[in-house]
Structures are given as structure tokens and as C-alpha cells.
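Here the structure is laid out as C-alpha cells; the discussion comes afterwards.
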Amino acid sequence: MKRIVSILIAFSVPIVALACDICGCGAGNNYIGILPDFYKHIAGVRYRYNQVISHVGVGGANTPLTTKERYNIAEAWGGWNLNDHVRIMAVLPYSFNEKTNQGSTTTKNGIGDISLFGFYQLLNSRNTVSGENNTHLLVQSLWVGGGVKLATGTYNPADRAVNAQSANLFQLGTGSYDFNVNAMYDVRLQDAGVNLNGNYKINTANRFDYQYGNKASLNAQAYYKFRTKSKVMIAPNAGVQYESSQTDRDENIRVITSGGNLLVGTVGLETAFGKFAVGANYQTPLSQSLASGIVKAEDRVMVHFAVAL
């Protein structure tokens, strides 16, 4: 139970899935949330829904070009502990993309970009802290690592050419091999804890000379674990996440309709029983400045199921 409980917190964090690597779309996913703590192996499935509005007019007004873009992403993922300090993980996404403009709808479905990760545990401590009447358990862990995002999803340069004055979002993949570094810290006093996670993604140019901007993500998540008599763990959680992306480059020319900053608030409720974990997470933008103001991020939803093997 103690091992699977940490899976709850792994999925309580906003899961970023970005085509333009900033505003919550389908391609270019590189961030899997806080690393789950499991004994040997774990496997799971995750569903995420994201929506953005592109071609936003002055002051947020709709224009004839205003388009709603919806991204439904189903992911299979797994993790393996090679020993007490080394862990590897993989994520395989499948995207169902849809955009609607003036009653006309376009869809695009297919496999996205596969991500591979490796992590090393630098800190794993369990100590007791004495209070006035009793003692409490203080648990800390720190993982560092990195990964690579493969170019397995389809990137169509024609979509960029047709929408040259809009953000290059509507893709199944970025068409590039990209790299990221991660640091994940968790501190828990008895049943109350906080997770801190930082990620920096380095994007390369694809074979069509389009390069998505590098992206940084920072998040903080607080949680509390309630235990029931039936050995079911319930963990409500809340937090914030900040995302910042550089502008894209098209044939080494700066793309002004890209990049930006986004701050989202998150709430979630997770449960664990035996070797299984189920949960959901809701994320809403608190502040944003995306793609020179022509893109607006909407709310996000994520649900998951995982099993420790």
C-alpha cells in the first residue's frame, strides 16, 4: 500500500502536453509529472483533454479566423526500477486532434511522440521529528535525470504553410528529437506533503527546419493522505504550475506567433487500493500570455489508472 500510494501524487500534478510547447496541445509531450514511487515495475494508462482557442482577436474577441482546437490524448506508460537508485520510464501517446472554425471541423488522429526517461535517486531519507506530545515521520526524496523525445508522431509541414500567421499547434508530432532534464523533490511530514518538480526541454530542428522553442516547467503540489478502515487511501491535492517557452524558429527565422508564459492552478483527488491507483485532475489557467496574444489556453482534465507489478 505504501508503494502504490505515491502513485497518487505522481498523477496529481498537471501533465503538460504541448504542441507549441507552451499552451496545452497534443504534440511534443515531454513532462510526465512527479515521478511515482514504486517497488519494481508499474504500468498505467492516462487520458488527457486539452483545448485552446487560436486566432484570438484584440481584447480576446472572436474573429472569422478564431478556431477551437481540442486535443484528446490517450497514453500508455510504464516504469522499471533497475536497482534502488536507477529508474527508467517510457510513455506512448495516441492523439485525437480536432479543430473547428465557422462550423467546419478538421480531425487528425495517430501515434504521437514517444518519450523515454532515466532517473537517479540522490536522496532517500526517513527520520522522526519530535513534537510536544508525540513524534512524526519525516520522509524526503530527490530524483534527477533526463530523457529523449523521439520523432514518432507525424509532422506535416503543409499545416504550418497554410497557417503561417498562426501558432503551429495542430500536429501529431514535432518531427524532432528533443531532450530534457528533470529534478523532482518530495517532502512529507507524516501524511501531509509537498512535491516540487522542475523540467527543462531542449528542442532541436526537424528535417523541415522548424524548431519549437525550448521550454521550462516548474510546479508545486501539496497533498494530504487519508487512510480508511478498508485500507483505501484517499489523497486530495492542489497546486500551481508555471510554464515558459521561447519562440519557435522557422528556417532560423523567429516565429512571433509562438512561445509565451502560462500559470495554471490544479486540484485533484486520487485513490489507491491494493496495487491499484485511480484518480483525476482538473487544471485551469490563472494567467497567460501566449503566442503574442493570439492563442488562449482553456481548462484541462486528466484521468488515470495504474497498477504496480
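FYI, nothing fancy with the C-alpha cells labels: chains A, B, ... in order, residues from 1 per chain, ligands from 1 as they appear.
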
### Message
Residues within 6 Å of Asn97 of chain A, please, as a count of residues only. Count only C-alpha atoms; anything in the same chain fewer than 2 positions from it doesn't count.
### Response
5

#### Entry: All strand (DSSP E or B) residues (DSSP, backbone) inside segment 138-256 of chain A, as a ChimeraX atom specification
/A:138-149,178-189,192-202,210-211,215-224,226-227,232-245,248-250,253-255

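The smallest atom-to-atom distance between Val232 of chain A and any of A:Val278, A:Val267, A:Leu138, A:Ala216, using only C-alpha atoms, is found for A:Val278.
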
### Query
Counting only C-alpha atoms, what is within 12 Å of Ser104 of chain A, bar same-chain residues fewer than 5 positions away, as a list in words?
Leu65, Thr66, Thr67, Lys68, Glu69, Glu98 and Lys99 of chain A

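When only C-alpha atoms are used to compute distances to Gly173 of chain A, the closest of the residues A:Asp113, A:Asp299, A:Glu251, A:Asp191 turns out to be A:Asp113.
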
### Query
Could you name the residues that touch segment 142-146 of chain A at 12 Å or less, counting only C-alpha atoms, but leaving out those on the same chain fewer than 4 positions away, as a ChimeraX atom specification?
/A:30-32,34-37,84-90,115-125,178-187,195-202

### Message
When you count only C-alpha atoms, which of these residues is closest to Ala306 of chain A: A:Gly103, A:Gly79, A:Gly57, A:Gly293?
### Response
A:Gly79

### Message
I'd like to know which of A:Ala277, A:Ile53, A:Val148, A:Leu169 is closest to Asn101 of chain A, using only C-alpha atoms.
### Response
A:Ile53

### Task
Could you check which of A:Arg188, A:Gly78, A:Tyr282, A:Thr106 is closest to Phe305 of chain A, using only C-alpha atoms?
A:Gly78

### Query
Which residues come within 12 Å of Ser54 of chain A, counting only C-alpha atoms, excluding same-chain residues fewer than 3 positions away, as a VMD selection string?
chain A and resid 20 23 25 51 57 60 to 70 99 to 101 163 165 to 170 257 to 258 290 to 298

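The environment of Thr128 of chain A within 7 Å, counting only C-alpha atoms and disregarding residues fewer than 3 places along the same chain, consists of A:Thr135, A:His136, A:Leu137, A:Leu138.
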
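Shell of Tyr177 of chain A at 9 Å, with only C-alpha atoms counted and residues fewer than 5 places along the chain excluded, is Val148, Lys149, Leu150, Ala151, Asn203, Thr204, Ala205 and Asn206 of chain A.
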
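Selecting helix (DSSP H, G or I) from the backbone DSSP output for segment 93-195 of chain A yields Pro157, Ala158, Asp159, Arg160, Ala161 and Val162 of chain A.
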